[in-house]
Amino acid sequence: MEQLNEKLKNDKICLSYLGAFSDEITDKLIGISEFYLENKTELGKLKNKVSFLIAECFQNIVRHGGVKEGSQTTLPGHSDFFQINILEDRVVLSSCNLIGNNYVESLEQKMLQVNSLNSDELKKLYNEVLSGGEFSDKGGAGLGLIEMARKSGLPLKYSFRNLNETKSQFFLFLEIIQKKESVEKIDVNEYIDFYKLLLDKKTLILYKGDVSKDIIISVIDMLQNNFSDEKSPNSKEKKFTVSLIEFLQNISKHGKLINGQKEGIFSISKDDNFFTIEGGNYIGEDDCKQLESSLSLIKELPLNEISTLYKKRLLDDVITSDGNCGLGLLEIAKNCEKNFEYSITPTPEKEKFFSIKIKI
Amino acid sequence: METIIIKQTNETPEIVLDAQNGNFSFSGKSFPENVNDFYGETLKYIESYIEQPKEKTNLEFNWVYFNTATSKIIVKTIMLLKSVTLKDKAFEINWKCSKDDELMLEKGEEFKELLGADFSISYI
């Protein structure tokens, strides 16, 4: 986690999502991006533009990927993907969906055409297509693509990766800038490698940035959407969700305030047997000592004694003014049956970086 | 005391506080950022109720899930309402959960073991 955090050090926010796409997911992502752009960055003016483009990216995944809303395409080496990176001076939206190999050439032609036009020419093409002209043979008349180019302010970046005889992956990257003189910055291959890393780890969600109440709720909602078709989560999903809530609320309460926010990083992955939460955050010296002694105690205790200690603490009347009750780590240890690892490493900035991996 | 119904949100439960009939219920999810802020009024209402409780007090829980800080609020709620038995009034807890919901079943059993009130667990 520490390396991943270092890799994303220039990102104020990075939120990656792999899995089933639906209107609820779009709403959550738009909500998170609007909140941060408006309240935490100098990029507030980009808010509406970014929301519009997130919605277009999702439409693109659902429409062109041939994905039924709320379901996902599962092919070895692929998962539908969306990511938002909020950097100092720009927002980058990345997406990946499947397309038929027979559609690759015509889509590439359209990308080339769109990228060759200046803003007046794009406007003209937009009006032509809107009034009935042909641009796309896949519904939507290709207006989305033209609008993406118009709104992003920089050329659309893309890449096709052949998967098998019938399908290819289509990666699309949008850089949304505030200042007209800004130049392209992103390296497509770097972003694709990052996607592959997440895919290899069977990641559902990765988030790096401010961990506040809004984030916690949005991420949990997104996960529930990704879990199953059933209305209520099953027991394992609940144990996992409760552990995740405890972990995130711990960061939110004990994380060290850096540049006015409690920063954290976490990812959630799922394979056939386990849900895995990997997370990390900066902590101050005092919190570090307390955390270390609590964790080493929990590691030493057999599971039944963890339950006993949990019950004992449940009955004491300790609940601090900020709502902390000292049960979170015990709850996590119970739910994962002590299947967790952690590390605490010093950082050059004097605080410590705490990482934990929990398997449920 | 007037009945109070607090509507549920994504992070907080529906709460029904019906002092006139001695019925109290909590249902949904609970992981508010600060439980003191969210449950403060509810606990005050219950504290007032136990001064003049009804002949029978019913407390019902139907949780999807909750965080550990909420666990402490549950303990506090049960302890407060259980005090009506000192005034020779009846007090019953009904913990509802699905039969295959291991986590909520385990939680219910924990509270039952720890708090020793008239505590029944029923499946929905």
# chains A, B, ... in the order shown; residues from 1 in each chain; ligands from 1
$ interface_residues --of "chain B" --to "chain A" --cutoff "10 Å" --atoms "only C-alpha atoms" --output "PyMOL selection string"
chain B and resi 10-11+31-38+64-76+79+98+100-105+110-111+113-115
$ select_by_dssp --residues "range 49-112 of chain B" --states "helix (DSSP H, G or I)" --output "PyMOL selection string"
chain B and resi 49+68-87+102-112
$ residues_around --residues "Ser95 in chain A" --least-positions-apart "5" --cutoff "10 Å" --atoms "only C-alpha atoms" --output "count of residues only"
22
$ atom_distance --atom1 "CA of Val183 in chain A" --atom2 "CA of Pro155 in chain A"
10.0 Å
$ residues_around --residues "Thr12 in chain B" --least-positions-apart "4" --cutoff "6 Å" --atoms "only C-alpha atoms" --output "list of chain:residue names"
B:Gln8, B:Lys29, B:Ser30
$ write_last_selection --atoms "all heavy atoms" --output "PDB file, in the first residue's frame"
ATOM      1  N   GLN B   8     -34.923   6.745   8.311  1.00  0.00           N
ATOM      2  CA  GLN B   8     -33.592   6.198   8.073  1.00  0.00           C
ATOM      3  C   GLN B   8     -32.881   6.888   6.913  1.00  0.00           C
ATOM      4  O   GLN B   8     -33.509   7.450   6.028  1.00  0.00           O
ATOM      5  CB  GLN B   8     -33.646   4.694   7.859  1.00  0.00           C
ATOM      6  CG  GLN B   8     -34.226   4.220   6.571  1.00  0.00           C
ATOM      7  CD  GLN B   8     -34.039   2.702   6.410  1.00  0.00           C
ATOM      8  OE1 GLN B   8     -33.817   1.964   7.357  1.00  0.00           O
ATOM      9  NE2 GLN B   8     -34.159   2.241   5.180  1.00  0.00           N
ATOM     10  N   LYS B  29     -29.396   0.493   8.969  1.00  0.00           N
ATOM     11  CA  LYS B  29     -27.932   0.516   9.162  1.00  0.00           C
ATOM     12  C   LYS B  29     -27.588   1.616  10.143  1.00  0.00           C
ATOM     13  O   LYS B  29     -28.304   2.599  10.252  1.00  0.00           O
ATOM     14  CB  LYS B  29     -27.228   0.858   7.841  1.00  0.00           C
ATOM     15  CG  LYS B  29     -27.502  -0.109   6.719  1.00  0.00           C
ATOM     16  CD  LYS B  29     -26.929   0.450   5.420  1.00  0.00           C
ATOM     17  CE  LYS B  29     -27.379  -0.378   4.244  1.00  0.00           C
ATOM     18  NZ  LYS B  29     -27.007   0.232   2.962  1.00  0.00           N
ATOM     19  N   SER B  30     -26.467   1.458  10.825  1.00  0.00           N
ATOM     20  CA  SER B  30     -26.040   2.535  11.709  1.00  0.00           C
ATOM     21  C   SER B  30     -24.520   2.657  11.742  1.00  0.00           C
ATOM     22  O   SER B  30     -23.840   1.814  12.324  1.00  0.00           O
ATOM     23  CB  SER B  30     -26.571   2.298  13.132  1.00  0.00           C
ATOM     24  OG  SER B  30     -26.078   3.321  13.982  1.00  0.00           O
TER      25      SER B  30
END
$ select_by_dssp --residues "chain B" --states "strand (DSSP E)" --output "ChimeraX atom specification"
/B:4-6,14-18,23-30,56-66,90-97,118-123
$ atom_distance --atom1 "CA of Thr347 in chain A" --atom2 "CA of Gly209 in chain A"
17.6 Å
$ residues_around --residues "range 257-262 of chain A" --least-positions-apart "4" --cutoff "12 Å" --atoms "only C-alpha atoms" --output "ChimeraX atom specification"
/A:12-13,36,39-41,208-213,215,248-253,280-284,349-351
